[in-house]
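**Q** One structure, pasted below without further comment.
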Amino acid sequence: MKTLLQHGTLIRYLSQGVEDITIAYLPRCSSSAVTSFPFHFSCEFVFRYTTQMGIKGLTKLLADNAPKSMKENKFESYFGRKIAIDASMSIYQFLIVVGRSGTEMLTNEAGEVTSHLQGMFNRTIRLLESGMKPVYVFDGKPPDLKKQELAKRLSRRAEATEDLSAALQTANKEEIEKFSKRTVKVTQQHNEDCKRLLRLMGVPVVEAPSEAEAQCAALCKAGKVYAVASEDMDSLTFGAPKFLRHLMDPSSKKIPVMEFEVDKILEELSLTMDQFIDLCILSGCDYCDSIRGIGGQTALKLIRQHGSIENILENINRERYQIPDDWPYQEARRLFKEPMVITDEEELNIKWSAPDEEGLITFLVNENGFNNDRVTKAIEKIKAAKNKSSQGRLESFFKPAANASVPIKRKESKCMLRSFKPEIEHKMFSLQLSNWSRPMVFGKLSLPIYNLGSKLCAFV
Amino acid sequence: MLELRLVQGSLLKKVLEAIKELVTDANFDCSSTGFSLQAMDSSHVALVALLLRSEGFEHYRCDRNISMGMNLNNMAKMLKCAGNDDIITIKADDGSDTVTFMFESPTQDKISDFEMKLMDIDSEHLGIPEAEYHAIVRMPSTEFARICKDLSSIGDTVVISVTKEGVKFSTKGDIGAANIVCRQNTSVDKPEEATVIEMNDPVSLSFALRYMNSFTKATPLSSTVTISLSNELPVVVEYKIAEMGYVRFYLAPKIEEEEEESKPQA
């Protein structure tokens, strides 16, 4: 189904499970712009992708109950900052969106997929060019509790593979596109390729003993990095003091980076960190099932009323809410509070160095069929960026101060999706603080996939 | 209620031209003491601080401390519509979401009203402590603009060093290097042509020329510029606005990082 939609209608369609949508953004005054918005994606995919990762509905919960904890910043304002990035999540995104057309993906001569390298290379250069210092953190062994969730994902992938072969037989293009995306899996080889690429680029790589999210959070807590960038809200539950979303989105989408601060979240929700972890477990995390009928809002109410999961279990109406028989919430809590991470300085070895030009050419051009000129140009960019990163930030000299002035303009309601409340499935949207004085742009509703153009990806 | 009447309207036009390249959106703060602005560029490397004291306005009414978020490009567009001799009045009502710029021609035969939408801007305000600077250089603003322009055609970083001999601006680039030394010179006909160097300690700091060049957009505001330097502090480039206040630019220095250039292992 393809149609032109307006803002509110889109959300309704998504919640009704309409499968493919072309979105057009209509500026208020011009109708000629209708054709200029080439944005096409499969919403079912969006649903699946976003509901799986991390804490269910947390963004929405925070937007409603702790709006001051989230702040939109320009990408450029992270100039000079050290940022820990969850690599596995990024690789997954790259495999899905970079250079894909139907079942075909970007490959080298030997037929091995190179989308992840392409994505990783370009996106990392973009970070370096804006003066950021990324540290990529790779997943280690998943904790036992997550295996259940992983098994679910595996079975979904198996189903998709079957669907895909069916679709291939009937040669239904849209179906092929849809199911092939679902069969995407990040393999060990993808990870190893990316690690090699990053090391050649002079970007530090950290191999987490277990969950990458937890390791990122630990780096941030130890002050090794300024913030954690991921799309997985788990980072907050692991206690990352500053957490960024949409940092890795392509610049073409012009989506501002959303910054969350754990301290402010706790302050605004008036919870302790332990209670916040309990809230996240109740809302639904990757480690254990949630209680049927308890979503984010109810969970918050219960936690505020009773203080901990134990107390809630004692006081809750067991007839109304069915508590799963085997509910390892204590184990999940322990994983959030004391995750397996490396803290040893030596072992982490976070250092940014000059790129290995020859190594990059050998790896990308000779082994993976990248265009030589483009790689050479990209290396120049890395070197230029290196020079840039010596620029200091003003905040390291001047500290923030309170401003006595009050805005003359009355602030309006800041959460634009709120008015659609009753009819939406919120899990997929990240609610962003919006500003009514700017035109309403579609980009405010951010969906973590992009640019599913049919062309094979142009480099750089 | 806010009403500020500025007879020398061209001043406001020049202020906007001076800062709009560095900052796109900013909050203007109004209080009984004056009309001011503090804003950082998007990468938080440079900061502009503007002050127009209330005494400089012909009429100044501001009932309470308020801030108005404006898009500087749009504001500049509107101010461009004012003639150079026009009297500019800035007006805003409490709780309003617009600001009005009124332009009156000197002969009072033409009055234009331009209304601009305000915006909500979340901006961080930085506390800038009063500091004793190691060296303060005052020189003709056109001279400083020329130096920055010339050096940026050679390199992208300028090293500013102040010694007993004078102030030295130097850069290096792919095609070569450049050094410009300005000595103290007070034996000039006009005081604004003098170069005055006050030095307590020698300093040497590196800055991005791109920012310096954008600061020199303020040159039409003042015939002299004052550059204050301290090791390990942002440089202050100040253009005084006669009888009204100043535009000050702060720029964080470039820092040499001690990074081991270890060969990447792959």
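FYI, nothing fancy with the structure tokens labels: chains A, B, ... in order, residues from 1 per chain, ligands from 1 as they appear.
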List every residue of chain A that has an atom at most 9 Å from any atom of chain B, and for each one report the closest atom pair and its distance in Å to one decimal, counting only C-alpha atoms, with rows sorted by chain and then by increasing residue number, as a tab-separated table.
**A**
residue	atom	partner	partner_atom	distance
A:Lys71	CA	B:Asp122	CA	8.6
A:Glu72	CA	B:Asp122	CA	8.8
A:Lys74	CA	B:Ser42	CA	7.0
A:Phe75	CA	B:Ser42	CA	8.5
A:Glu76	CA	B:Ser43	CA	5.0
A:Ser77	CA	B:Ser43	CA	4.2
A:Tyr78	CA	B:Ser43	CA	6.6
A:Phe79	CA	B:Ser43	CA	5.3
A:Gly80	CA	B:Ser43	CA	8.4
A:Ser130	CA	B:Ser43	CA	8.5
A:Gly131	CA	B:Ser43	CA	8.9
A:Lys195	CA	B:Ala266	CA	8.6
A:Arg196	CA	B:Ala266	CA	5.8
A:Leu197	CA	B:Ala266	CA	8.3
A:Arg199	CA	B:Pro264	CA	6.0
A:Leu200	CA	B:Pro264	CA	6.0
A:Met201	CA	B:Pro264	CA	8.0
A:Gly202	CA	B:Pro264	CA	6.0
A:Val203	CA	B:Pro264	CA	8.8
A:Lys351	CA	B:Glu259	CA	7.6
A:Trp352	CA	B:Glu259	CA	7.5
A:Ser353	CA	B:Glu261	CA	5.5
A:Ala354	CA	B:Glu261	CA	6.5
A:Pro355	CA	B:Pro264	CA	7.3
A:Asp356	CA	B:Pro264	CA	6.6
A:Gly359	CA	B:Ala266	CA	8.1
A:Lys388	CA	B:Lys254	CA	8.5
A:Ser389	CA	B:Lys254	CA	8.5
A:Ser390	CA	B:Ile255	CA	5.1
A:Gln391	CA	B:Lys254	CA	4.1
A:Gly392	CA	B:Ala252	CA	5.4
A:Arg393	CA	B:Val45	CA	4.8
A:Leu394	CA	B:Val45	CA	5.3
A:Glu395	CA	B:His44	CA	7.4
A:Ser396	CA	B:Ala252	CA	8.7
A:Phe397	CA	B:Leu233	CA	6.6
A:Phe398	CA	B:Ile128	CA	5.8
A:Lys399	CA	B:Leu126	CA	5.5
A:Pro400	CA	B:Leu126	CA	4.1
A:Ala401	CA	B:Gly127	CA	4.8
A:Ala402	CA	B:His125	CA	6.4
A:Asn403	CA	B:His125	CA	6.2
A:Ala404	CA	B:Asn65	CA	6.9
A:Ser405	CA	B:Ile66	CA	4.5
A:Val406	CA	B:Ile66	CA	4.6
A:Pro407	CA	B:Ser67	CA	4.5
A:Ile408	CA	B:Gly95	CA	5.5
A:Lys409	CA	B:Asp97	CA	5.0
A:Arg410	CA	B:Gly95	CA	5.8
A:Lys411	CA	B:Asp120	CA	7.4
A:Asn435	CA	B:Asp120	CA	6.8
A:Trp436	CA	B:Met119	CA	8.2
A:Ser437	CA	B:Met119	CA	5.5
A:Arg438	CA	B:Met119	CA	7.7
**Q** Could you go through stretch 228-375 of chain A and tell me which residues DSSP, when run on the backbone, assigns to strand (DSSP E or B), listing them as a PyMOL selection string?
**A** chain A and resi 228-229+242-245+257-261
**Q** Could you please write out, as a list in words, every residue of stretch 25-177 of chain B that DSSP assigns to alpha helix (DSSP H)?
**A**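 Output for stretch 25-177 of chain B, alpha helix (DSSP H) only: Leu72, Asn73, Asn74, Met75, Ala76, Lys77, Met78, Leu79, Lys80, Ser141, Thr142, Glu143, Phe144, Ala145, Arg146, Ile147, Cys148, Lys149, Asp150, Leu151 and Ser152 of chain B.
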**Q** Could you dump the residues just selected with C-alpha atoms as a tab-separated table (two decimals), in the first residue's frame?
**A**
chain	number	residue	atom	x	y	z
B	72	LEU	CA	19.79	35.39	13.96
B	73	ASN	CA	19.62	34.91	10.23
B	74	ASN	CA	15.97	35.86	10.18
B	75	MET	CA	16.64	38.78	12.47
B	76	ALA	CA	19.45	39.96	10.17
B	77	LYS	CA	17.09	39.67	7.20
B	78	MET	CA	14.64	42.01	8.90
B	79	LEU	CA	17.28	44.46	10.04
B	80	LYS	CA	18.62	44.62	6.50
B	141	SER	CA	40.76	46.21	14.00
B	142	THR	CA	41.35	46.39	10.25
B	143	GLU	CA	44.95	45.34	10.80
B	144	PHE	CA	43.86	42.29	12.80
B	145	ALA	CA	41.28	41.36	10.17
B	146	ARG	CA	43.91	41.59	7.47
B	147	ILE	CA	46.32	39.36	9.39
B	148	CYS	CA	43.69	36.67	9.95
B	149	LYS	CA	42.63	36.75	6.32
B	150	ASP	CA	46.19	36.56	5.04
B	151	LEU	CA	47.21	33.73	7.35
B	152	SER	CA	44.17	31.64	6.55
**Q** Excluding B:Val162 and any residue of its chain fewer than 6 positions from it, enumerate the residues within 9 Å of it, using only C-alpha atoms, and give them as a VMD selection string.
**A** chain B and resid 135 to 137 168 to 169 197 199 201 to 204 229
**Q** Report as an MDAnalysis selection string all protein, DNA and RNA residues lying within 10 Å of stretch 84-90 of chain A, evaluated on only C-alpha atoms, omitting residues in the same chain fewer than 2 positions from it.
**A** chainID A and resid 53 81:82 92:96 116 119:120 123 133:139 186:187 190:191 194:195 204:207 211:220 224:232 235 243:244 247:249
**Q** Atom CA of A:Leu271 and atom CA of A:Asp289, how far apart in Å?
**A**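 So the answer is 22.4 Å.
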